[in-house]
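Structure data (mmCIF, C-alpha atoms) from my_file27.cif:
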```cif
data_structure
loop_
_atom_site.label_atom_id
_atom_site.label_comp_id
_atom_site.auth_asym_id
_atom_site.auth_seq_id
_atom_site.Cartn_x
_atom_site.Cartn_y
_atom_site.Cartn_z
CA MET A 1 88.15 200.04 128.65
CA THR A 2 91.60 199.49 130.12
CA ILE A 3 93.50 200.27 133.31
CA LYS A 4 95.51 203.50 133.33
CA ASP A 5 96.76 203.56 136.92
CA ILE A 6 96.36 201.93 140.36
CA GLU A 7 96.61 203.73 143.69
CA THR A 8 96.51 202.48 147.27
CA HIS A 9 95.38 204.36 150.37
CA VAL A 10 95.91 203.23 153.98
CA VAL A 11 93.42 204.77 156.42
CA HIS A 12 94.26 204.51 160.11
CA VAL A 13 91.41 203.06 162.16
CA ASN A 14 92.44 201.96 165.66
CA HIS A 15 94.62 199.60 167.68
CA ARG A 16 93.13 196.60 165.87
CA GLY A 17 94.39 197.63 162.45
CA ASP A 18 93.89 199.92 159.46
CA TRP A 19 91.89 199.79 156.21
CA VAL A 20 93.64 199.52 152.86
CA PHE A 21 91.77 200.76 149.80
CA VAL A 22 92.64 200.26 146.13
CA GLN A 23 91.63 202.73 143.44
CA VAL A 24 91.88 201.54 139.84
CA HIS A 25 91.72 204.32 137.25
CA ALA A 26 90.56 203.60 133.70
CA GLU A 27 91.78 205.48 130.64
CA ASP A 28 88.35 207.07 130.14
CA GLY A 29 88.43 208.77 133.55
CA LEU A 30 86.30 206.31 135.55
CA THR A 31 87.58 205.04 138.91
CA GLY A 32 86.75 201.81 140.70
CA VAL A 33 87.50 201.07 144.34
CA GLY A 34 88.30 197.87 146.22
CA GLU A 35 89.49 196.94 149.71
CA ALA A 36 92.63 195.01 150.64
CA SER A 37 92.56 195.28 154.42
CA HIS A 38 93.85 192.80 157.01
CA GLY A 39 96.40 191.19 154.74
CA ARG A 40 98.75 190.46 157.67
CA GLY A 41 100.97 193.40 156.85
CA ASP A 42 99.56 196.45 155.09
CA ALA A 43 102.93 197.59 153.78
CA GLY A 44 103.47 194.19 152.18
CA VAL A 45 100.05 194.27 150.53
CA VAL A 46 100.70 197.75 149.13
CA GLN A 47 104.10 196.62 147.86
CA ILE A 48 102.56 193.65 146.04
CA ILE A 49 99.96 195.89 144.39
CA ASN A 50 102.70 198.26 143.25
CA GLU A 51 104.71 195.34 141.88
CA LEU A 52 101.68 194.10 139.94
CA LYS A 53 100.88 197.51 138.49
CA PRO A 54 103.14 197.33 135.39
CA ALA A 55 101.52 194.06 134.31
CA LEU A 56 98.04 195.54 134.78
CA ILE A 57 98.40 198.85 132.96
CA GLY A 58 96.37 198.38 129.77
CA TRP A 59 94.38 195.44 131.17
CA ASP A 60 90.76 195.24 129.96
CA VAL A 61 88.64 195.80 133.08
CA PHE A 62 85.98 193.40 131.77
CA GLN A 63 88.45 190.49 131.70
CA ILE A 64 87.83 189.59 135.33
CA GLU A 65 87.81 185.82 134.90
CA ASP A 66 91.10 185.97 133.03
CA PHE A 67 92.52 188.36 135.63
CA HIS A 68 91.90 185.77 138.33
CA ARG A 69 93.24 182.92 136.21
CA ARG A 70 96.46 184.77 135.48
CA PHE A 71 97.19 186.48 138.77
CA TYR A 72 95.55 184.51 141.62
CA HIS A 73 97.96 181.67 142.37
CA GLU A 74 96.67 179.13 144.87
CA HIS A 75 99.93 178.72 146.75
CA GLU A 76 100.74 182.41 147.15
CA GLY A 77 100.41 183.83 150.65
CA HIS A 78 97.75 185.75 152.50
CA ARG A 79 99.13 189.17 151.55
CA TYR A 80 99.24 188.34 147.86
CA HIS A 81 95.68 186.99 147.86
CA THR A 82 94.48 190.09 149.69
CA ALA A 83 96.16 192.37 147.13
CA ILE A 84 94.58 190.52 144.19
CA SER A 85 91.16 190.54 145.86
CA GLY A 86 91.22 194.31 146.38
CA ILE A 87 92.09 194.93 142.73
CA GLU A 88 89.33 192.55 141.63
CA HIS A 89 86.66 194.48 143.57
CA ALA A 90 87.72 197.62 141.72
CA LEU A 91 87.42 195.87 138.34
CA TRP A 92 83.79 195.03 139.11
CA ALA A 93 83.21 198.62 140.17
CA LEU A 94 84.63 199.85 136.87
CA ALA A 95 82.72 197.32 134.76
CA GLY A 96 79.46 198.33 136.39
CA LYS A 97 80.16 202.03 135.98
CA ALA A 98 81.09 201.57 132.31
CA LEU A 99 77.76 199.84 131.64
CA GLY A 100 75.74 202.01 134.02
CA VAL A 101 74.55 199.06 136.14
CA PRO A 102 75.24 197.77 139.67
CA ALA A 103 77.60 194.82 139.95
CA TYR A 104 74.85 192.49 141.15
CA ARG A 105 73.14 192.72 137.76
CA LEU A 106 76.30 191.45 136.10
CA LEU A 107 76.35 188.53 138.56
CA GLY A 108 72.91 187.17 137.70
CA GLY A 109 70.55 189.61 139.39
CA SER A 110 69.36 189.90 142.96
CA CYS A 111 67.64 187.40 145.23
CA ARG A 112 66.98 190.10 147.85
CA GLN A 113 66.91 193.86 148.16
CA LYS A 114 68.56 194.16 151.55
CA ILE A 115 71.22 192.26 153.43
CA ARG A 116 70.91 191.26 157.06
CA LEU A 117 73.94 192.09 159.21
CA TYR A 118 75.21 190.87 162.54
CA ALA A 119 77.21 193.17 164.81
CA ASN A 120 80.61 191.76 165.68
CA ILE A 121 81.27 193.59 168.94
CA ASN A 122 84.68 192.06 169.62
CA ARG A 123 86.92 194.75 168.12
CA ALA A 124 85.07 197.52 169.97
CA THR A 125 84.99 195.75 173.34
CA VAL A 126 87.97 197.05 175.29
CA ASP A 127 86.36 196.28 178.66
CA ARG A 128 86.57 192.48 178.59
CA THR A 129 84.50 191.91 181.69
CA PRO A 130 81.14 190.16 181.27
CA GLU A 131 79.47 193.52 181.84
CA GLY A 132 81.68 195.18 179.20
CA PHE A 133 80.63 192.59 176.61
CA ALA A 134 76.98 192.91 177.62
CA GLN A 135 76.95 196.70 177.43
CA ASN A 136 78.29 196.74 173.87
CA ALA A 137 75.89 194.01 172.83
CA GLN A 138 73.01 196.06 174.20
CA LYS A 139 74.22 199.19 172.40
CA ALA A 140 74.27 197.31 169.10
CA VAL A 141 70.75 196.00 169.72
CA GLU A 142 69.58 199.53 170.51
CA GLU A 143 70.99 200.59 167.13
CA GLY A 144 68.74 198.03 165.45
CA PHE A 145 70.92 194.93 165.06
CA THR A 146 69.05 191.67 165.57
CA ALA A 147 72.16 189.47 165.72
CA ILE A 148 75.34 189.81 167.79
CA LYS A 149 78.69 188.02 167.66
CA CYS A 150 81.24 187.92 170.47
CA ALA A 151 84.64 186.31 170.96
CA PRO A 152 84.61 185.56 174.70
CA PHE A 153 87.36 182.93 174.81
CA ASP A 154 90.34 184.93 173.54
CA ASP A 155 92.21 184.38 176.79
CA ALA A 156 91.50 180.61 176.84
CA SER A 157 93.80 177.88 175.54
CA VAL A 158 93.93 174.13 175.07
CA ARG A 159 96.36 174.24 177.97
CA ASP A 160 93.29 174.96 180.11
CA ILE A 161 92.16 171.34 179.83
CA SER A 162 91.31 169.78 183.16
CA ARG A 163 89.38 166.69 184.17
CA GLY A 164 85.87 167.11 185.48
CA THR A 165 85.81 170.89 185.46
CA LEU A 166 86.49 173.88 183.22
CA ALA A 167 89.46 176.14 183.85
CA PRO A 168 88.91 179.77 184.95
CA ALA A 169 89.54 181.26 181.48
CA VAL A 170 86.84 179.04 179.97
CA ARG A 171 84.46 179.76 182.84
CA MET A 172 84.99 183.48 182.28
CA GLY A 173 84.11 183.06 178.61
CA ILE A 174 80.91 181.26 179.53
CA GLU A 175 80.04 184.00 182.01
CA ARG A 176 80.51 186.63 179.30
CA ILE A 177 78.14 184.79 176.97
CA ARG A 178 75.52 184.31 179.67
CA ARG A 179 75.68 187.97 180.61
CA ILE A 180 75.17 188.98 176.98
CA ARG A 181 72.19 186.67 176.60
CA GLU A 182 70.68 187.93 179.84
CA THR A 183 71.05 191.52 178.63
CA ILE A 184 69.85 191.23 175.01
CA GLY A 185 67.10 188.69 175.67
CA PRO A 186 66.14 185.48 173.86
CA GLU A 187 64.93 186.99 170.57
CA VAL A 188 68.28 188.40 169.40
CA ASP A 189 70.50 185.88 167.61
CA LEU A 190 73.82 185.30 169.36
CA MET A 191 76.96 183.86 167.76
CA VAL A 192 80.14 182.81 169.57
CA ASP A 193 83.55 182.89 167.88
CA CYS A 194 86.07 180.58 169.56
CA HIS A 195 89.05 181.62 167.37
CA SER A 196 90.16 177.97 167.19
CA ARG A 197 91.28 177.97 170.84
CA PHE A 198 89.83 174.58 171.79
CA ASN A 199 90.42 170.92 171.13
CA PRO A 200 87.43 168.62 170.57
CA GLY A 201 87.08 167.42 174.15
CA LEU A 202 87.23 170.89 175.68
CA ILE A 203 84.78 172.53 173.25
CA ILE A 204 82.30 169.67 173.59
CA GLN A 205 82.44 170.04 177.36
CA THR A 206 82.06 173.82 177.03
CA ALA A 207 79.20 173.56 174.55
CA ARG A 208 77.16 171.49 177.01
CA GLU A 209 77.33 174.48 179.37
CA LEU A 210 75.84 176.69 176.65
CA ASP A 211 73.04 174.47 175.33
CA ASP A 212 70.28 176.41 177.06
CA LEU A 213 71.35 179.71 175.43
CA HIS A 214 70.28 178.60 171.90
CA LEU A 215 73.28 180.03 170.08
CA PHE A 216 72.94 180.79 166.38
CA TRP A 217 76.32 179.15 165.83
CA VAL A 218 79.68 178.28 167.37
CA GLU A 219 82.45 179.57 165.11
CA ASP A 220 85.89 178.00 164.63
CA PRO A 221 85.76 175.72 167.68
CA VAL A 222 88.94 173.90 166.62
CA PRO A 223 91.70 174.63 164.08
CA LEU A 224 90.73 173.91 160.47
CA THR A 225 93.98 172.01 160.04
CA ASP A 226 92.17 169.01 161.58
CA LEU A 227 88.93 168.41 159.67
CA ASP A 228 88.35 165.10 161.46
CA ALA A 229 88.35 166.95 164.77
CA LEU A 230 85.86 169.46 163.37
CA SER A 231 83.59 166.59 162.28
CA HIS A 232 83.78 165.07 165.75
CA VAL A 233 82.74 168.38 167.31
CA SER A 234 79.91 168.82 164.82
CA GLN A 235 78.55 165.35 165.57
CA SER A 236 78.91 165.77 169.34
CA THR A 237 77.29 169.16 169.91
CA SER A 238 73.77 170.46 169.35
CA MET A 239 74.77 173.87 167.99
CA PRO A 240 75.45 174.73 164.34
CA ILE A 241 79.10 175.08 163.32
CA ALA A 242 80.48 178.02 161.33
CA THR A 243 84.02 178.05 159.93
CA GLY A 244 86.18 178.81 156.92
CA GLU A 245 87.42 182.37 157.36
CA THR A 246 91.06 181.24 157.04
CA LEU A 247 90.48 179.46 153.71
CA ARG A 248 91.32 181.37 150.53
CA THR A 249 90.84 178.93 147.65
CA LYS A 250 88.09 176.84 146.11
CA ALA A 251 90.18 173.74 146.79
CA GLY A 252 90.23 174.54 150.50
CA PHE A 253 86.48 175.04 150.62
CA ARG A 254 85.94 171.87 148.58
CA ARG A 255 87.77 169.86 151.25
CA LEU A 256 85.79 171.54 154.03
CA LEU A 257 82.44 171.02 152.34
CA ALA A 258 83.24 167.38 151.54
CA GLN A 259 83.80 166.77 155.26
CA GLY A 260 80.16 167.68 155.96
CA ALA A 261 81.07 169.30 159.29
CA ALA A 262 80.02 172.92 158.69
CA ASP A 263 76.53 174.41 158.70
CA PHE A 264 77.82 177.86 157.68
CA ILE A 265 80.97 178.81 155.75
CA LEU A 266 82.72 182.16 156.14
CA PRO A 267 84.70 183.08 152.99
CA ASP A 268 86.16 186.60 153.04
CA ILE A 269 85.80 188.73 149.90
CA LYS A 270 89.14 190.40 150.73
CA HIS A 271 91.12 187.16 150.64
CA VAL A 272 89.43 184.56 148.39
CA GLY A 273 90.14 186.43 145.16
CA GLY A 274 87.23 188.85 145.20
CA ILE A 275 83.60 188.98 144.17
CA LEU A 276 83.59 186.35 141.42
CA GLU A 277 85.42 183.76 143.48
CA LEU A 278 83.14 184.39 146.45
CA LYS A 279 80.20 183.76 144.14
CA LYS A 280 81.75 180.46 142.98
CA ILE A 281 82.46 179.32 146.54
CA ALA A 282 78.85 180.12 147.45
CA ALA A 283 77.67 177.94 144.57
CA MET A 284 79.80 175.06 145.88
CA ALA A 285 78.19 175.50 149.30
CA GLU A 286 74.71 175.61 147.79
CA ALA A 287 75.32 172.21 146.20
CA ALA A 288 76.31 170.90 149.65
CA ASN A 289 73.25 172.46 151.38
CA VAL A 290 75.49 174.78 153.40
CA MET A 291 74.72 178.44 154.08
CA VAL A 292 77.13 181.30 153.30
CA THR A 293 77.82 184.05 155.79
CA PRO A 294 80.91 185.99 154.68
CA HIS A 295 83.67 186.88 157.09
CA ASN A 296 83.72 190.69 156.98
CA PRO A 297 85.39 192.48 159.91
CA SER A 298 86.13 195.07 157.26
CA GLY A 299 85.76 198.63 156.12
CA PRO A 300 82.84 200.03 154.10
CA VAL A 301 84.23 199.11 150.67
CA ALA A 302 84.56 195.38 151.36
CA THR A 303 81.11 195.55 152.92
CA ALA A 304 79.67 197.16 149.77
CA ALA A 305 81.35 194.50 147.62
CA SER A 306 80.01 191.73 149.85
CA VAL A 307 76.51 193.19 149.67
CA GLN A 308 76.58 193.26 145.86
CA CYS A 309 77.72 189.62 145.77
CA MET A 310 75.47 188.23 148.49
CA ALA A 311 72.39 189.82 146.95
CA THR A 312 72.83 187.27 144.15
CA VAL A 313 73.44 184.19 146.34
CA PRO A 314 70.40 181.97 147.13
CA ASN A 315 72.05 180.33 150.17
CA PHE A 316 73.16 183.57 151.84
CA ALA A 317 72.38 183.76 155.57
CA ILE A 318 73.84 186.90 157.20
CA LEU A 319 76.83 189.24 156.78
CA GLU A 320 79.36 190.28 159.41
CA TYR A 321 79.65 193.96 160.33
CA ALA A 322 82.57 195.35 162.36
CA TRP A 323 80.51 197.28 164.87
CA GLY A 324 81.70 200.28 166.86
CA GLU A 325 85.24 200.72 165.52
CA VAL A 326 85.14 204.40 164.45
CA ALA A 327 82.29 206.90 164.31
CA TRP A 328 83.41 208.35 160.97
CA ARG A 329 83.23 205.04 159.09
CA PRO A 330 79.99 205.86 157.15
CA GLU A 331 81.52 209.03 155.72
CA LEU A 332 84.42 207.19 154.04
CA VAL A 333 82.13 206.40 151.12
CA ASN A 334 79.66 208.33 149.00
CA PRO A 335 76.78 207.93 149.53
CA PRO A 336 77.44 207.33 153.23
CA GLU A 337 76.97 203.81 154.55
CA ARG A 338 73.49 203.41 156.06
CA ILE A 339 72.28 200.59 158.29
CA ILE A 340 68.60 200.49 159.14
CA ASP A 341 67.19 197.98 161.65
CA GLY A 342 70.21 195.74 161.20
CA PHE A 343 70.02 195.67 157.39
CA ILE A 344 71.94 197.39 154.62
CA GLU A 345 69.99 198.05 151.43
CA LEU A 346 71.22 196.86 148.06
CA SER A 347 72.40 199.85 146.03
CA ASN A 348 71.21 200.32 142.46
CA ARG A 349 73.97 202.79 141.68
CA PRO A 350 76.56 201.62 139.12
CA GLY A 351 79.40 199.36 140.18
CA LEU A 352 79.62 198.70 143.90
CA GLY A 353 77.22 201.57 144.57
CA ILE A 354 79.82 203.68 146.37
CA ASP A 355 82.86 205.88 145.79
CA LEU A 356 85.73 206.37 148.21
CA VAL A 357 85.91 209.64 150.17
CA LEU A 358 89.39 209.89 151.66
CA PRO A 359 89.76 211.75 154.97
CA GLU A 360 91.64 215.02 154.89
CA THR A 361 95.26 214.76 155.96
#
```

Please express the file's structure as structure tokens.
Amino acid sequence: MTIKDIETHVVHVNHRGDWVFVQVHAEDGLTGVGEASHGRGDAGVVQIINELKPALIGWDVFQIEDFHRRFYHEHEGHRYHTAISGIEHALWALAGKALGVPAYRLLGGSCRQKIRLYANINRATVDRTPEGFAQNAQKAVEEGFTAIKCAPFDDASVRDISRGTLAPAVRMGIERIRRIRETIGPEVDLMVDCHSRFNPGLIIQTARELDDLHLFWVEDPVPLTDLDALSHVSQSTSMPIATGETLRTKAGFRRLLAQGAADFILPDIKHVGGILELKKIAAMAEAANVMVTPHNPSGPVATAASVQCMATVPNFAILEYAWGEVAWRPELVNPPERIIDGFIELSNRPGLGIDLVLPET
């Protein structure tokens, strides 16, 4: 079964960005869907997909390994990797549909029948006061989520370093976290994303202020360009470290895992080359006794692809969910996306288990 055509669709979401979907049509009439969102320029991602189309017409949809070998070049940029990843998701969708099986069966079978999610409340939190963070966290808990992630330090900077005390921007971040914990209680897991805004000394000082809150992890405390600094932070704080969302190749994750500084890695199915490469990166992490929790501030198609992949991964921990962005999100796919008690069930429908339902224009 070969590719007949490739289409892209950009769906407007909100001020934080849009979702880009890829539909790959096979010559027998089947259609597979992938997601190529957040490629640091949607128009550029769409242009790359259109430029690749002539080389892909007639491509055997089952030749996924060879597709990656031929088209995913390690030194290409973020947009290119995002474009390739979105096409790759759609190939898995088509392969599963052609055989009448879900993608996870083609990846070795499932380790679990449902995937635990955490609600990333950052994109939906316009009110950046401690109370604004806490209110959204509580809403997510009321919807059934048992884990929450916030990014409370987005207005902090390494320029806020001072001796003996923490600058106001850092203190405000700490206050936001404390207010969330006070609101959601001790039983809900709480993650903090630092967006690489600290240096080692400042994050170690800040982490001491948070020890009593029993955070599930601290994410990206320092830039990944300095792995020695990350190791120093890991050795100097009591909280688990999560990182890796900016890495897009196996070589990058190999270097990170060899450093021994991460407890969780965050590869993104939209940027690492797709489902098969995410599976390979997870296997590398398993050998290093590191858990996998994919970066996924994404639309419903990337979430469906991540679910199919993570169902097959023994060292999977939890999957990110972009909470509260738009109310109509579930209806973009058929069957509609359903989250029950903070979990999404593994679909047994062929391919990724979903089809794209484009909004009326």

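Between CA of Glu131 (chain A) and CA of Ser157 (chain A) lies a distance of 22.1 Å.
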
Please expand the PyMOL selection byres ((chain A and resi 265-277) around 9) into the concrete residues it hits in this file, giving the result as a compact mmCIF listing (two decimals) with C-alpha atoms, in the frame of the given file.
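This went into expr.txt:
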```txt
# COMPACT_ATOMS: atom_id res chain seq x y z
CA GLY A 34 88.30 197.87 146.22
CA GLU A 35 89.49 196.94 149.71
CA ALA A 36 92.63 195.01 150.64
CA SER A 37 92.56 195.28 154.42
CA HIS A 38 93.85 192.80 157.01
CA GLY A 39 96.40 191.19 154.74
CA ILE A 64 87.83 189.59 135.33
CA GLU A 65 87.81 185.82 134.90
CA HIS A 68 91.90 185.77 138.33
CA TYR A 72 95.55 184.51 141.62
CA HIS A 78 97.75 185.75 152.50
CA ARG A 79 99.13 189.17 151.55
CA TYR A 80 99.24 188.34 147.86
CA HIS A 81 95.68 186.99 147.86
CA THR A 82 94.48 190.09 149.69
CA ALA A 83 96.16 192.37 147.13
CA ILE A 84 94.58 190.52 144.19
CA SER A 85 91.16 190.54 145.86
CA GLY A 86 91.22 194.31 146.38
CA ILE A 87 92.09 194.93 142.73
CA GLU A 88 89.33 192.55 141.63
CA HIS A 89 86.66 194.48 143.57
CA TRP A 92 83.79 195.03 139.11
CA LEU A 107 76.35 188.53 138.56
CA ILE A 241 79.10 175.08 163.32
CA ALA A 242 80.48 178.02 161.33
CA THR A 243 84.02 178.05 159.93
CA GLY A 244 86.18 178.81 156.92
CA GLU A 245 87.42 182.37 157.36
CA THR A 246 91.06 181.24 157.04
CA LEU A 247 90.48 179.46 153.71
CA ARG A 248 91.32 181.37 150.53
CA THR A 249 90.84 178.93 147.65
CA LYS A 250 88.09 176.84 146.11
CA PHE A 253 86.48 175.04 150.62
CA LEU A 256 85.79 171.54 154.03
CA LEU A 257 82.44 171.02 152.34
CA ALA A 262 80.02 172.92 158.69
CA ASP A 263 76.53 174.41 158.70
CA PHE A 264 77.82 177.86 157.68
CA LEU A 278 83.14 184.39 146.45
CA LYS A 279 80.20 183.76 144.14
CA LYS A 280 81.75 180.46 142.98
CA ILE A 281 82.46 179.32 146.54
CA ALA A 282 78.85 180.12 147.45
CA ALA A 285 78.19 175.50 149.30
CA VAL A 290 75.49 174.78 153.40
CA MET A 291 74.72 178.44 154.08
CA VAL A 292 77.13 181.30 153.30
CA THR A 293 77.82 184.05 155.79
CA PRO A 294 80.91 185.99 154.68
CA HIS A 295 83.67 186.88 157.09
CA ASN A 296 83.72 190.69 156.98
CA SER A 298 86.13 195.07 157.26
CA ALA A 302 84.56 195.38 151.36
CA THR A 303 81.11 195.55 152.92
CA ALA A 305 81.35 194.50 147.62
CA SER A 306 80.01 191.73 149.85
CA GLN A 308 76.58 193.26 145.86
CA CYS A 309 77.72 189.62 145.77
```

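With all atoms listed in the file as the atoms that count, the minimum distance from Phe198 (chain A) to the choices A:Ala229, A:Ala90, A:Leu215, A:Ala147 is reached by A:Ala229.
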
Practice problem: Could you please give me, as an NGL selection string, the residues of protein, DNA or RNA lying at most 12 Å from (94.7, 201.3, 160.3) in the coordinate frame of the file, considering all atoms listed in the file? | Solution: :A and (9-21 or 36-43 or 298-299 or 325-326)

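Here CA of Ile57 (chain A) and CA of Asn348 (chain A) stand 28.8 Å from one another.
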
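Running the PyMOL selection byres ((chain A and resi 187-195) around 7) on this file leaves Thr146, Ala147, Ile148, Lys149, Cys150, Ala151, Phe153, Ile184, Gly185, Pro186, Ser196, Arg197, Leu215, Phe216, Trp217, Val218, Glu219, Asp220 and Pro221 of chain A selected.
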
Quiz item: Of the candidates A:Ala103, A:Val141, A:Ala261, A:Ala98, which shows the shortest atom-to-atom distance to Val307 (chain A), using all atoms listed in the file?
Solution: A:Ala103

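The smallest atom-to-atom distance between Glu209 (chain A) and any of A:Thr183, A:Gly324, A:Thr237, A:Leu230, using all atoms listed in the file, is found for A:Thr237.
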
Practice problem: Give me the result of the PyMOL selection byres ((chain A and resi 336-341) around 9) on this file, residue by residue, as a PyMOL selection string. | Solution: chain A and resi 116-117+143-146+300+304+329-335+342-345+354

Practice problem: Calculate how many Å separate CA of Tyr104 (chain A) from CA of Thr31 (chain A), rounding to one decimal. | Solution: 18.0 Å

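Once only C-alpha atoms are considered, the residues situated within 7 Å of the file point (69.4, 190.5, 146.3) turn out to be Ser110, Cys111, Arg112, Gln113, Lys114, Met310, Ala311, Thr312 and Leu346 of chain A.
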